[in-house]
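Asks: Just one file: work-v7.tsv, with TSV, C-alpha atoms and all ligand atoms.
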```
chain	number	residue	atom	x	y	z
A	1	MET	CA	0.00	0.00	0.00
A	2	ARG	CA	1.24	3.49	-0.84
A	3	ALA	CA	0.29	6.05	1.80
A	4	ILE	CA	0.24	9.65	0.57
A	5	ALA	CA	-0.44	12.67	2.79
A	6	ILE	CA	-1.97	15.74	1.17
A	7	VAL	CA	-0.41	18.41	3.26
A	8	ASN	CA	0.20	22.15	3.47
A	9	GLN	CA	-0.26	24.28	6.55
A	10	LYS	CA	-1.60	27.04	4.34
A	11	GLY	CA	-5.39	27.01	4.18
A	12	GLY	CA	-7.46	26.89	1.01
A	13	CYS	CA	-4.74	25.72	-1.39
A	14	GLY	CA	-6.70	22.73	-2.71
A	15	LYS	CA	-5.69	19.92	-0.32
A	16	THR	CA	-9.18	18.53	0.10
A	17	ILE	CA	-10.18	18.88	-3.55
A	18	THR	CA	-6.96	17.04	-4.42
A	19	ALA	CA	-7.56	14.31	-1.82
A	20	ILE	CA	-11.10	13.67	-3.05
A	21	ASN	CA	-10.41	13.70	-6.77
A	22	LEU	CA	-7.07	11.91	-6.73
A	23	SER	CA	-8.69	9.16	-4.63
A	24	ALA	CA	-11.66	8.92	-6.97
A	25	PHE	CA	-9.50	8.73	-10.11
A	26	LEU	CA	-7.19	6.12	-8.58
A	27	ALA	CA	-10.29	4.05	-7.78
A	28	ARG	CA	-11.43	4.47	-11.39
A	29	GLU	CA	-8.05	3.04	-12.44
A	30	ASN	CA	-8.94	-0.10	-10.47
A	31	ARG	CA	-6.90	0.66	-7.39
A	32	ARG	CA	-8.37	-0.02	-3.94
A	33	VAL	CA	-8.29	3.34	-2.21
A	34	LEU	CA	-8.90	4.53	1.35
A	35	LEU	CA	-9.33	8.27	1.86
A	36	VAL	CA	-8.57	9.20	5.46
A	37	ASP	CA	-10.01	12.52	6.62
A	38	MET	CA	-7.66	13.97	9.24
A	39	ASP	CA	-9.18	17.46	9.24
A	40	PRO	CA	-11.72	18.36	11.97
A	41	GLN	CA	-13.43	20.56	9.36
A	42	GLY	CA	-14.46	17.27	7.73
A	43	HIS	CA	-14.44	18.78	4.24
A	44	ALA	CA	-13.34	15.58	2.51
A	45	THR	CA	-16.14	13.78	4.34
A	46	LEU	CA	-18.69	16.37	3.20
A	47	GLY	CA	-17.23	16.39	-0.30
A	48	LEU	CA	-17.88	12.68	-0.65
A	49	GLN	CA	-21.11	12.21	1.19
A	50	ARG	CA	-23.12	15.35	1.37
A	51	GLY	CA	-26.43	14.70	3.08
A	52	VAL	CA	-25.26	11.82	5.26
A	53	ALA	CA	-26.27	13.34	8.59
A	54	ASP	CA	-24.30	11.13	10.97
A	55	PRO	CA	-20.73	10.37	9.96
A	56	GLY	CA	-20.85	7.28	12.21
A	57	LEU	CA	-17.45	6.03	13.33
A	58	THR	CA	-14.71	8.54	12.56
A	59	THR	CA	-10.97	9.01	12.52
A	60	SER	CA	-11.16	10.53	16.02
A	61	ASP	CA	-12.53	7.17	17.26
A	62	VAL	CA	-9.63	5.48	15.48
A	63	LEU	CA	-6.99	7.79	16.96
A	64	MET	CA	-8.47	7.28	20.44
A	65	ARG	CA	-8.34	3.53	19.80
A	66	LYS	CA	-12.07	3.08	20.32
A	67	VAL	CA	-12.48	1.34	16.97
A	68	THR	CA	-10.23	-0.05	14.26
A	69	LEU	CA	-9.70	1.74	10.97
A	70	ARG	CA	-11.40	-1.16	9.24
A	71	GLU	CA	-14.51	-0.51	11.32
A	72	ALA	CA	-14.49	3.22	10.64
A	73	ALA	CA	-13.96	2.92	6.87
A	74	ARG	CA	-17.10	2.90	4.78
A	75	SER	CA	-17.52	2.34	1.07
A	76	VAL	CA	-18.50	5.50	-0.83
A	77	ARG	CA	-17.80	4.46	-4.45
A	78	PRO	CA	-16.65	1.26	-6.10
A	79	GLY	CA	-13.03	0.87	-5.01
A	80	LEU	CA	-13.14	3.92	-2.74
A	81	ASP	CA	-13.58	3.81	1.04
A	82	LEU	CA	-13.69	6.81	3.34
A	83	ALA	CA	-12.64	7.10	6.97
A	84	PRO	CA	-14.71	10.17	7.83
A	85	ALA	CA	-13.98	13.01	10.25
A	86	ASP	CA	-16.02	15.50	12.19
A	87	ILE	CA	-15.36	18.30	14.63
A	88	LEU	CA	-14.63	15.87	17.49
A	89	LEU	CA	-11.28	15.28	15.83
A	90	ALA	CA	-10.31	18.76	17.05
A	91	ALA	CA	-10.28	17.46	20.63
A	92	VAL	CA	-7.88	14.59	19.95
A	93	PRO	CA	-4.60	16.52	20.40
A	94	GLU	CA	-5.77	17.67	23.83
A	95	VAL	CA	-7.05	14.26	24.90
A	96	LEU	CA	-3.81	12.59	23.86
A	97	ALA	CA	-1.53	15.33	25.27
A	98	GLY	CA	1.40	13.73	27.05
A	99	VAL	CA	0.50	10.19	25.92
A	100	PRO	CA	3.64	8.47	24.66
A	101	GLY	CA	3.48	7.38	21.03
A	102	ARG	CA	0.52	9.61	20.26
A	103	GLU	CA	2.08	10.62	16.92
A	104	ASP	CA	2.12	6.99	15.76
A	105	ARG	CA	-1.56	6.16	16.02
A	106	LEU	CA	-2.49	6.70	12.38
A	107	ALA	CA	0.59	4.78	11.25
A	108	GLU	CA	-0.50	1.86	13.44
A	109	ALA	CA	-4.03	2.03	12.06
A	110	LEU	CA	-2.85	2.15	8.45
A	111	ARG	CA	-0.56	-0.82	8.97
A	112	SER	CA	-3.58	-2.84	10.04
A	113	VAL	CA	-5.31	-2.25	6.68
A	114	ALA	CA	-2.23	-2.35	4.45
A	115	ASP	CA	-3.40	-5.54	2.74
A	116	ALA	CA	-6.87	-4.22	2.03
A	117	TYR	CA	-5.87	-1.18	-0.03
A	118	ASP	CA	-3.44	-0.15	-2.76
A	119	TYR	CA	-3.54	3.51	-1.69
A	120	ALA	CA	-4.26	5.47	1.48
A	121	ILE	CA	-4.73	9.17	0.78
A	122	VAL	CA	-4.67	11.31	3.92
A	123	ASP	CA	-6.26	14.78	3.86
A	124	CYS	CA	-4.55	17.02	6.45
A	125	PRO	CA	-5.78	20.11	8.28
A	126	PRO	CA	-4.23	23.53	7.55
A	127	ASN	CA	-1.79	23.52	10.45
A	128	VAL	CA	1.11	21.47	11.66
A	129	GLY	CA	-0.03	19.89	14.92
A	130	LEU	CA	-0.55	16.38	16.20
A	131	LEU	CA	-2.97	15.44	13.40
A	132	THR	CA	-0.58	16.46	10.62
A	133	PHE	CA	2.30	14.78	12.46
A	134	ASN	CA	0.28	11.57	12.57
A	135	ALA	CA	-0.30	11.83	8.83
A	136	LEU	CA	3.35	12.52	8.01
A	137	ILE	CA	4.55	9.65	10.17
A	138	ALA	CA	2.00	7.28	8.63
A	139	CYS	CA	2.90	8.18	5.04
A	140	THR	CA	5.98	7.71	2.92
A	141	GLU	CA	4.90	10.24	0.33
A	142	ALA	CA	3.37	13.70	0.46
A	143	ILE	CA	1.66	15.87	-2.09
A	144	VAL	CA	1.95	19.55	-1.25
A	145	PRO	CA	-0.65	21.60	-3.12
A	146	VAL	CA	0.59	25.12	-3.76
A	147	GLU	CA	-1.33	28.02	-5.06
A	148	PRO	CA	0.94	30.06	-7.30
A	149	SER	CA	1.19	33.09	-5.06
A	150	PHE	CA	4.32	34.54	-3.56
A	151	PHE	CA	3.18	33.47	-0.12
A	152	SER	CA	2.90	29.82	-0.99
A	153	LEU	CA	6.54	29.56	-2.01
A	154	HIS	CA	7.43	30.75	1.45
A	155	GLY	CA	4.91	28.26	2.87
A	156	ILE	CA	6.35	25.35	0.95
A	157	GLY	CA	9.80	26.15	2.30
A	158	LYS	CA	8.37	25.93	5.81
A	159	LEU	CA	6.61	22.70	5.02
A	160	LEU	CA	9.68	21.06	3.57
A	161	GLU	CA	11.39	22.02	6.85
A	162	THR	CA	8.62	20.27	8.79
A	163	ILE	CA	8.96	17.20	6.64
A	164	ALA	CA	12.69	17.20	7.28
A	165	VAL	CA	11.98	17.35	11.03
A	166	VAL	CA	9.62	14.37	10.76
A	167	ALA	CA	12.20	12.44	8.76
A	168	ASP	CA	14.69	13.23	11.48
A	169	LYS	CA	12.39	12.22	14.33
A	170	THR	CA	11.09	9.03	12.79
A	171	GLY	CA	14.05	7.98	10.72
A	172	HIS	CA	11.86	7.69	7.67
A	173	ASP	CA	12.02	9.78	4.54
A	174	ILE	CA	8.97	11.29	2.95
A	175	ALA	CA	9.06	11.91	-0.77
A	176	ALA	CA	7.31	15.27	-0.92
A	177	ARG	CA	6.28	16.76	-4.23
A	178	ALA	CA	4.62	20.08	-4.90
A	179	LEU	CA	1.46	20.23	-6.97
A	180	VAL	CA	0.49	23.56	-8.50
A	181	THR	CA	-3.23	24.11	-7.95
A	182	LEU	CA	-5.71	26.90	-8.62
A	183	TYR	CA	-3.70	27.82	-11.72
A	184	THR	CA	-5.13	30.58	-13.87
A	185	GLY	CA	-2.14	31.07	-16.15
A	186	ARG	CA	-3.44	34.48	-17.03
A	187	ALA	CA	-1.27	36.89	-15.09
A	188	PRO	CA	2.38	36.78	-16.19
A	189	PHE	CA	3.43	36.72	-12.54
A	190	VAL	CA	1.49	33.47	-12.04
A	191	ARG	CA	3.45	31.85	-14.85
A	192	ALA	CA	6.65	33.24	-13.36
A	193	VAL	CA	5.83	31.73	-9.96
A	194	VAL	CA	5.09	28.34	-11.51
A	195	ASP	CA	8.42	28.46	-13.34
A	196	ASP	CA	10.05	29.39	-10.05
A	197	ILE	CA	8.45	26.47	-8.21
A	198	ARG	CA	9.73	24.14	-10.92
A	199	LYS	CA	13.18	25.68	-10.82
A	200	HIS	CA	13.44	25.43	-7.03
A	201	LEU	CA	11.94	22.01	-6.66
A	202	GLY	CA	12.96	20.30	-9.89
A	203	GLY	CA	11.86	16.68	-9.74
A	204	ARG	CA	10.07	17.36	-6.49
A	205	SER	CA	7.08	18.83	-8.31
A	206	TYR	CA	4.38	17.27	-10.47
A	207	GLU	CA	4.27	17.87	-14.20
A	208	THR	CA	0.50	18.08	-13.90
A	209	VAL	CA	-0.85	21.50	-13.04
A	210	ILE	CA	-4.38	21.80	-11.65
A	211	ARG	CA	-6.20	24.66	-13.31
A	212	CYS	CA	-8.98	26.67	-11.71
A	213	SER	CA	-12.19	24.92	-12.59
A	214	VAL	CA	-15.46	25.98	-11.08
A	215	LYS	CA	-16.81	22.44	-11.65
A	216	LEU	CA	-14.41	21.15	-8.98
A	217	ALA	CA	-15.95	23.40	-6.36
A	218	GLU	CA	-19.47	22.66	-7.61
A	219	ALA	CA	-18.91	18.90	-7.52
A	220	ALA	CA	-17.59	19.08	-3.95
A	221	SER	CA	-20.59	21.14	-2.88
A	222	HIS	CA	-22.80	18.38	-4.26
A	223	GLY	CA	-20.80	15.80	-2.31
A	224	VAL	CA	-19.33	14.00	-5.36
A	225	PRO	CA	-15.94	13.74	-7.10
A	226	VAL	CA	-15.74	15.75	-10.32
A	227	ALA	CA	-15.83	12.58	-12.44
A	228	ASP	CA	-19.39	11.98	-11.23
A	229	TYR	CA	-20.38	15.55	-11.98
A	230	SER	CA	-18.80	16.76	-15.21
A	231	ARG	CA	-16.37	15.13	-17.58
A	232	ARG	CA	-15.96	18.09	-19.86
A	233	CYS	CA	-14.01	20.43	-17.67
A	234	ALA	CA	-10.41	21.22	-16.81
A	235	GLY	CA	-10.90	19.72	-13.34
A	236	PHE	CA	-11.68	16.28	-14.79
A	237	ALA	CA	-8.75	16.33	-17.21
A	238	ASP	CA	-6.27	17.65	-14.65
A	239	TYR	CA	-7.07	15.24	-11.81
A	240	GLN	CA	-7.15	12.33	-14.24
A	241	ALA	CA	-3.67	13.40	-15.41
A	242	LEU	CA	-2.49	13.68	-11.80
A	243	ALA	CA	-3.77	10.18	-10.99
A	244	ARG	CA	-1.90	8.83	-14.00
A	245	GLU	CA	1.24	10.63	-12.96
A	246	VAL	CA	0.92	9.12	-9.46
A	247	LEU	CA	0.31	5.67	-10.96
A	248	GLY	CA	3.40	6.16	-13.12
A	249	GLN	CA	5.44	6.42	-9.92
A	250	GLU	CA	4.33	3.05	-8.63
A	251	PRO	CA	7.52	1.37	-7.51
A	252	ALA	CA	9.12	-0.94	-10.03
A	253	ASP	CA	11.25	-2.76	-7.46
A	254	GLY	CA	10.95	-6.48	-6.91
A	255	ALA	CA	8.93	-8.88	-8.97
A	256	THR	CA	5.53	-7.82	-7.67
A	257	SER	CA	5.37	-4.18	-8.65
A	258	ALA	CA	1.98	-3.25	-9.98
A	259	VAL	CA	3.38	-2.30	-13.37
A	260	GLU	CA	5.04	-5.62	-13.94
A	261	ALA	CA	2.20	-7.64	-12.50
A	262	SER	CA	-0.33	-5.84	-14.64
A	263	ALA	CA	1.81	-6.83	-17.61
A	264	LEU	CA	0.45	-10.28	-16.89
A	265	GLY	CA	-3.04	-9.04	-16.27
A	266	ALA	CA	-2.87	-10.04	-12.62
A	267	ARG	CA	-1.86	-7.42	-10.12
A	268	HIS	CA	0.00	-8.64	-7.03
A	269	ALA	CA	1.10	-11.79	-8.81
A	270	PRO	CA	4.81	-12.31	-9.38
A	271	VAL	CA	5.98	-12.09	-12.97
A	272	GLU	CA	7.04	-15.47	-14.25
A	273	ARG	CA	7.04	-14.97	-18.00
A	274	GLY	CA	6.65	-12.15	-20.47
A	275	SER	CA	3.58	-11.40	-22.49
A	276	ALA	CA	2.46	-9.69	-25.67
A	277	PRO	CA	2.29	-5.89	-25.18
A	278	ILE	CA	-0.51	-4.66	-22.94
A	279	SER	CA	-1.97	-1.15	-23.06
A	280	SER	CA	-2.70	0.21	-19.62
A	281	GLY	CA	-3.10	3.52	-17.87
A	282	HIS	CA	0.68	3.50	-17.49
A	283	GLY	CA	1.36	3.26	-21.22
A	284	VAL	CA	2.15	0.14	-23.22
A	285	ILE	CA	3.88	-2.57	-21.20
A	286	PHE	CA	6.37	-4.61	-23.23
A	287	SER	CA	7.84	-7.72	-21.62
A	288	LEU	CA	9.96	-10.62	-22.70
A	289	GLU	CA	11.40	-13.65	-20.96
A	290	ALA	CA	15.14	-13.88	-21.57
A	291	PRO	CA	16.77	-15.56	-18.56
A	292	ARG	CA	20.34	-15.63	-19.84
A	293	ALA	CA	20.41	-12.24	-21.56
A	294	ARG	CA	22.83	-9.58	-20.36
A	295	ARG	CA	21.10	-6.68	-22.13
A	296	VAL	CA	17.75	-6.37	-23.81
A	297	HIS	CA	16.50	-3.39	-25.81
A	298	ILE	CA	13.33	-2.59	-27.61
A	299	ALA	CA	13.38	-0.72	-30.93
A	300	GLY	CA	10.53	0.26	-33.20
A	301	ASP	CA	9.12	2.96	-35.37
A	302	PHE	CA	8.19	4.82	-32.15
A	303	ASN	CA	11.91	5.43	-31.45
A	304	ASP	CA	13.15	5.44	-35.05
A	305	TRP	CA	14.48	1.90	-34.55
A	306	ASN	CA	17.17	3.30	-32.32
A	307	VAL	CA	18.21	1.01	-29.47
A	308	ALA	CA	19.62	3.94	-27.48
A	309	GLY	CA	16.94	4.78	-24.94
A	310	GLY	CA	15.24	1.45	-25.50
A	311	GLU	CA	17.00	-0.34	-22.64
A	312	MET	CA	14.68	-2.71	-20.82
A	313	GLU	CA	14.83	-3.45	-17.09
A	314	HIS	CA	14.57	-6.91	-15.69
A	315	SER	CA	13.34	-8.68	-12.60
A	316	GLY	CA	14.46	-12.26	-12.63
A	317	PRO	CA	14.17	-13.65	-16.14
A	318	VAL	CA	11.60	-11.12	-17.36
A	319	TRP	CA	12.67	-7.94	-19.12
A	320	TRP	CA	10.17	-5.11	-19.35
A	321	LYS	CA	9.65	-1.52	-20.37
A	322	VAL	CA	6.66	0.79	-20.26
A	323	LEU	CA	6.37	3.22	-23.18
A	324	PRO	CA	3.80	6.03	-23.25
A	325	LEU	CA	2.62	5.59	-26.87
A	326	SER	CA	-0.09	7.65	-28.54
A	327	PRO	CA	-2.91	5.73	-30.20
A	328	GLY	CA	-1.73	4.12	-33.42
A	329	ARG	CA	-0.09	1.06	-34.94
A	330	TYR	CA	3.60	0.40	-34.35
A	331	HIS	CA	6.21	-2.09	-35.55
A	332	TYR	CA	8.86	-3.21	-33.07
A	333	ARG	CA	11.50	-5.84	-32.33
A	334	TYR	CA	13.49	-6.88	-29.30
A	335	VAL	CA	17.29	-6.81	-29.33
A	336	VAL	CA	18.59	-9.53	-27.02
A	337	ASP	CA	22.37	-9.24	-26.56
A	338	GLU	CA	22.58	-7.57	-29.97
A	339	VAL	CA	20.43	-10.19	-31.72
A	340	TRP	CA	17.25	-8.76	-33.22
A	341	GLN	CA	14.11	-10.83	-32.88
A	342	ALA	CA	10.33	-10.52	-33.11
A	343	ASP	CA	8.19	-10.80	-29.95
A	344	PRO	CA	7.70	-14.56	-29.45
A	345	LEU	CA	4.44	-14.06	-27.55
A	346	ASN	CA	2.81	-11.63	-29.97
A	347	PRO	CA	1.00	-13.34	-32.85
A	348	ASP	CA	0.57	-10.00	-34.65
A	349	ALA	CA	3.58	-9.69	-36.96
A	350	GLU	CA	4.34	-8.44	-40.46
A	351	ALA	CA	7.22	-8.91	-42.89
A	352	SER	CA	9.77	-6.12	-42.60
A	353	PRO	CA	11.43	-4.52	-45.66
A	354	TYR	CA	14.46	-6.70	-44.84
A	355	GLY	CA	12.56	-9.94	-45.22
A	356	ASP	CA	12.23	-10.88	-41.54
A	357	LEU	CA	9.34	-10.39	-39.12
A	358	ASP	CA	8.42	-7.26	-37.17
A	359	SER	CA	5.97	-7.53	-34.30
A	360	VAL	CA	3.04	-5.16	-34.39
A	361	VAL	CA	1.22	-3.44	-31.53
A	362	THR	CA	-1.93	-1.36	-31.88
A	363	VAL	CA	-2.73	1.20	-29.21
A	364	PRO	CA	-6.47	1.92	-29.18
A	365	PRO	CA	-7.63	5.52	-28.64
A	366	SER	CA	-9.49	4.70	-25.40
A	367	ASP	CA	-6.40	3.58	-23.53
A	368	ARG	CA	-4.71	6.92	-23.30
A	369	GLY	CA	-7.77	9.15	-23.00
B	1	LIG	N1	-8.74	23.83	-9.00
B	1	LIG	C1	-9.73	24.49	-8.39
B	1	LIG	N2	-10.55	25.27	-9.12
B	1	LIG	C2	-11.56	25.96	-8.52
B	1	LIG	N3	-11.82	25.93	-7.20
B	1	LIG	C3	-11.02	25.15	-6.43
B	1	LIG	C4	-9.96	24.40	-6.97
B	1	LIG	N4	-9.34	23.74	-5.97
B	1	LIG	C5	-10.00	24.07	-4.85
B	1	LIG	N5	-11.02	24.92	-5.12
B	1	LIG	C6	-11.93	25.54	-4.16
B	1	LIG	O1	-11.12	26.35	-3.30
B	1	LIG	C7	-11.54	26.21	-1.96
B	1	LIG	C8	-10.41	25.61	-1.13
B	1	LIG	O2	-10.12	24.29	-1.61
B	1	LIG	P1	-9.87	23.09	-0.62
B	1	LIG	O3	-10.97	22.99	0.37
B	1	LIG	O4	-9.56	21.89	-1.41
B	1	LIG	O5	-8.56	23.64	0.09
B	1	LIG	P2	-7.85	23.08	1.40
B	1	LIG	O6	-6.40	23.31	1.22
B	1	LIG	O7	-8.30	21.71	1.69
B	1	LIG	O8	-8.44	24.06	2.50
B	1	LIG	P3	-8.27	23.87	4.09
B	1	LIG	O9	-6.88	24.29	4.36
B	1	LIG	O10	-9.29	24.78	4.68
B	1	LIG	O11	-8.51	22.43	4.42
B	1	LIG	C9	-12.76	25.32	-1.98
B	1	LIG	O12	-13.91	26.13	-2.03
B	1	LIG	C10	-12.62	24.55	-3.27
B	1	LIG	O13	-13.87	24.16	-3.77
B	2	MG	MG	-9.15	20.90	3.40
```
So, in terms of C-alpha cells, how does the structure I just supplied come out?
Replies:
Amino acid sequence: MRAIAIVNQKGGCGKTITAINLSAFLARENRRVLLVDMDPQGHATLGLQRGVADPGLTTSDVLMRKVTLREAARSVRPGLDLAPADILLAAVPEVLAGVPGREDRLAEALRSVADAYDYAIVDCPPNVGLLTFNALIACTEAIVPVEPSFFSLHGIGKLLETIAVVADKTGHDIAARALVTLYTGRAPFVRAVVDDIRKHLGGRSYETVIRCSVKLAEAASHGVPVADYSRRCAGFADYQALAREVLGQEPADGATSAVEASALGARHAPVERGSAPISSGHGVIFSLEAPRARRVHIAGDFNDWNVAGGEMEHSGPVWWKVLPLSPGRYHYRYVVDEVWQADPLNPDAEASPYGDLDSVVTVPPSDRG
C-alpha cells in the first residue's frame, strides 16, 4: 500500500479537492483506495457524502483507539472507502496530550489495513499539529498543493522544513512533491511563480498543473468527485492526469510491482514470464522472458528503430519496459544481446522490408484518454 499525505499548513490551497479527486481517479483506475479525513473541518467527508447526517465512526474514534480503521472505513464508491472526520477530531490533540506514542496512532491504524488497499490518501488540516504529524509519520509520500502566489513559495519552504523534522524524528524519509493548484495562467506573474516552483523544486514537483475549474468546487458542494459531476471540464482532465502521474510512480522494485504484475493481467502476482504488449493507464507494457540475456533493448518505429533509450529493465528472467505511446499502430523488435528478434508471444507480426518479421502493436484511442 502506498500512503500519501496531502499536506500544506496554508489554508485553502486545494488539499481537500486534491484528496477527493485523486482518490476517486485512482479508484477508477482499479486501485483499492482509502481516503482518510484527518481534518476536523471534515471537508473531505462532506465532499464525498453530502447529506449523510451522521458520519458514524470517525478518525477521532480510530486515533483514540475506540475502533479499528477497518470498522471506521465505509464504502462510498466502487473501489473507494472513506474514513470520515467530524469536529470531534479537534479534541484529539488535547485528549492525547502527554501520551507516549501519540504521533504513531495513524501509522499503526494504516498498517492494520495495508493488505486491504493499494492507496491510502490522507487529507490534512491547515496547520502542523498532532494530526498532521500523525499523517506525516504514517505516510511515505506527500503531495503539497501550492497556489501560485508569492506566499505559498514561502509556505512550501516551511513545510519542507517540517517534513525534514519528521524524517529526522522518525528515521523515515517522505518523498514530498509540490502540486500547483488553482492555476489561472493568465497573469504573467502566475506563470513566473510556476516556473520558479519548478526551478526550485525540480523533480520534487508534479508535471501536472491543476487549473482553476469551477466544476471542482461545484462537484464538492454536491458531495461528489468531479468525475461523477462533469467530464468536460479542466478539473476532470487535470485530476485524471495527476492520478496517471501518481500511478506512473508506482515502484518498479521487486517482482511484484503493480506495473510488472499488470503486464500479466494479474496485479500482485509475481511475474514469471513475459507477455504480448498490454496497453494500460501506465502506457504500453512490453515484456519478454530472456533468462540468460545480459542486455535487452526494444526498438521500433516509435523510437526510429534506435536502441539507445530502448533499454529494458529486468526482474528475474523477465525484461520489461513501459512506453507512453499515442494511439496508433507500431512495428517493433526486441534486441537480445545484440540479436534482433520478433516478440515470441505476440502473434501479430508483419514482414519487414528486410525480409524478416516485425511484431506489431496497436494502441487503441481509449487507452490513453
Ligand atoms: N482547482 C480548483 N478550481 C476551482 N476551485 C477550487 C480548486 N481547488 C480548490 N477549489 C476551491 O477552493 C476552496 C479551497 O479548496 P480546498 O478545500 O480543497 O482547500 P484546502 O487546502 O483543503 O483548505 P483547508 O486548508 O481549509 O482544508 C474550496 O472552495 C474549493 O472548492
Ligand atoms: Mg481541506
Asks: Around ligand MG 2 (chain B), at most 8 Å away and counting only C-alpha atoms and all ligand atoms, which residues are there? Put them as a list of chain:residue names, please.
Replies: A:Gly11, A:Gly12, A:Gly14, A:Lys15, A:Thr16, A:Ile17, A:Asp39, A:Gln41, A:Gly42, A:His43, A:Ala44, A:Asp123, A:Cys124, A:Pro125, A:Pro126
Asks: Work out how far apart CA of Thr184 (chain A) and atom C5 of ligand LIG 1 (chain B) are and give it in Å to one decimal.
Replies: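 Distance reported for this atom pair: 12.1 Å.
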Asks: Contacts of Leu57 (chain A) at 8 Å or less, counting only C-alpha atoms, minus same-chain residues fewer than 5 places along, as an MDAnalysis selection string?
Replies: chainID A and resid 67 71:73 84
Asks: Using 10 Å as the limit and counting all atoms listed in the file, can you tabulate each residue of chain A that touches ligand LIG 1 (chain B), with its shortest atom-to-atom distance in Å and the two atoms involved, as a tab-separated table?
Replies:
```
residue	atom	partner	partner_atom	distance
A:Ile6	CA	B:LIG1	O7	8.7
A:Val7	CA	B:LIG1	O6	8.0
A:Asn8	CA	B:LIG1	O6	7.1
A:Gln9	CA	B:LIG1	O9	7.0
A:Lys10	CA	B:LIG1	O9	6.0
A:Gly11	CA	B:LIG1	O9	3.1
A:Gly12	CA	B:LIG1	O8	3.3
A:Cys13	CA	B:LIG1	O6	3.9
A:Gly14	CA	B:LIG1	O4	3.3
A:Lys15	CA	B:LIG1	O7	3.7
A:Thr16	CA	B:LIG1	O7	3.7
A:Ile17	CA	B:LIG1	O4	3.7
A:Thr18	CA	B:LIG1	O4	6.3
A:Ala19	CA	B:LIG1	O4	7.9
A:Ile20	CA	B:LIG1	O4	8.5
A:Asn21	CA	B:LIG1	O4	9.8
A:Met38	CA	B:LIG1	O11	9.8
A:Asp39	CA	B:LIG1	O11	7.0
A:Pro40	CA	B:LIG1	O11	9.2
A:Gln41	CA	B:LIG1	O11	7.2
A:Gly42	CA	B:LIG1	O11	8.5
A:His43	CA	B:LIG1	O3	6.7
A:Ala44	CA	B:LIG1	O7	8.0
A:Gly47	CA	B:LIG1	O3	9.1
A:Asp123	CA	B:LIG1	O7	7.5
A:Cys124	CA	B:LIG1	O11	7.0
A:Pro125	CA	B:LIG1	O11	5.3
A:Pro126	CA	B:LIG1	O9	4.2
A:Asn127	CA	B:LIG1	O9	8.0
A:Val144	CA	B:LIG1	O6	9.5
A:Pro145	CA	B:LIG1	O6	7.4
A:Val146	CA	B:LIG1	O6	8.8
A:Glu147	CA	B:LIG1	N4	9.1
A:Val180	CA	B:LIG1	N1	9.2
A:Thr181	CA	B:LIG1	N1	5.6
A:Leu182	CA	B:LIG1	N1	4.3
A:Tyr183	CA	B:LIG1	N1	7.0
A:Thr184	CA	B:LIG1	N2	9.0
A:Val209	CA	B:LIG1	N1	9.2
A:Ile210	CA	B:LIG1	N1	5.5
A:Arg211	CA	B:LIG1	N1	5.1
A:Cys212	CA	B:LIG1	N2	3.3
A:Ser213	CA	B:LIG1	N2	3.9
A:Val214	CA	B:LIG1	C2	4.7
A:Lys215	CA	B:LIG1	C2	7.1
A:Leu216	CA	B:LIG1	C2	5.6
A:Ala217	CA	B:LIG1	O13	3.4
A:Glu218	CA	B:LIG1	O13	7.0
A:Ala219	CA	B:LIG1	O13	8.2
A:Ala220	CA	B:LIG1	O13	6.3
A:Ser221	CA	B:LIG1	O13	7.4
A:Ala234	CA	B:LIG1	N1	8.4
A:Gly235	CA	B:LIG1	N1	6.4
A:Phe236	CA	B:LIG1	N1	10.0
A:Asp238	CA	B:LIG1	N1	8.7
A:Tyr239	CA	B:LIG1	N1	9.2
```
Asks: Grab the residues selected above and save them as a compact mmCIF listing (two decimals), in the frame of the given file with C-alpha atoms.
Replies:
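Saved to part-v3.txt:
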```txt
# COMPACT_ATOMS: atom_id res chain seq x y z
CA ILE A 6 -1.97 15.74 1.17
CA VAL A 7 -0.41 18.41 3.26
CA ASN A 8 0.20 22.15 3.47
CA GLN A 9 -0.26 24.28 6.55
CA LYS A 10 -1.60 27.04 4.34
CA GLY A 11 -5.39 27.01 4.18
CA GLY A 12 -7.46 26.89 1.01
CA CYS A 13 -4.74 25.72 -1.39
CA GLY A 14 -6.70 22.73 -2.71
CA LYS A 15 -5.69 19.92 -0.32
CA THR A 16 -9.18 18.53 0.10
CA ILE A 17 -10.18 18.88 -3.55
CA THR A 18 -6.96 17.04 -4.42
CA ALA A 19 -7.56 14.31 -1.82
CA ILE A 20 -11.10 13.67 -3.05
CA ASN A 21 -10.41 13.70 -6.77
CA MET A 38 -7.66 13.97 9.24
CA ASP A 39 -9.18 17.46 9.24
CA PRO A 40 -11.72 18.36 11.97
CA GLN A 41 -13.43 20.56 9.36
CA GLY A 42 -14.46 17.27 7.73
CA HIS A 43 -14.44 18.78 4.24
CA ALA A 44 -13.34 15.58 2.51
CA GLY A 47 -17.23 16.39 -0.30
CA ASP A 123 -6.26 14.78 3.86
CA CYS A 124 -4.55 17.02 6.45
CA PRO A 125 -5.78 20.11 8.28
CA PRO A 126 -4.23 23.53 7.55
CA ASN A 127 -1.79 23.52 10.45
CA VAL A 144 1.95 19.55 -1.25
CA PRO A 145 -0.65 21.60 -3.12
CA VAL A 146 0.59 25.12 -3.76
CA GLU A 147 -1.33 28.02 -5.06
CA VAL A 180 0.49 23.56 -8.50
CA THR A 181 -3.23 24.11 -7.95
CA LEU A 182 -5.71 26.90 -8.62
CA TYR A 183 -3.70 27.82 -11.72
CA THR A 184 -5.13 30.58 -13.87
CA VAL A 209 -0.85 21.50 -13.04
CA ILE A 210 -4.38 21.80 -11.65
CA ARG A 211 -6.20 24.66 -13.31
CA CYS A 212 -8.98 26.67 -11.71
CA SER A 213 -12.19 24.92 -12.59
CA VAL A 214 -15.46 25.98 -11.08
CA LYS A 215 -16.81 22.44 -11.65
CA LEU A 216 -14.41 21.15 -8.98
CA ALA A 217 -15.95 23.40 -6.36
CA GLU A 218 -19.47 22.66 -7.61
CA ALA A 219 -18.91 18.90 -7.52
CA ALA A 220 -17.59 19.08 -3.95
CA SER A 221 -20.59 21.14 -2.88
CA ALA A 234 -10.41 21.22 -16.81
CA GLY A 235 -10.90 19.72 -13.34
CA PHE A 236 -11.68 16.28 -14.79
CA ASP A 238 -6.27 17.65 -14.65
CA TYR A 239 -7.07 15.24 -11.81
```
Asks: Give me, please, the distance in Å between CA of Gly355 (chain A) and CA of Ile285 (chain A), quoted to one decimal.
Replies: 26.6 Å
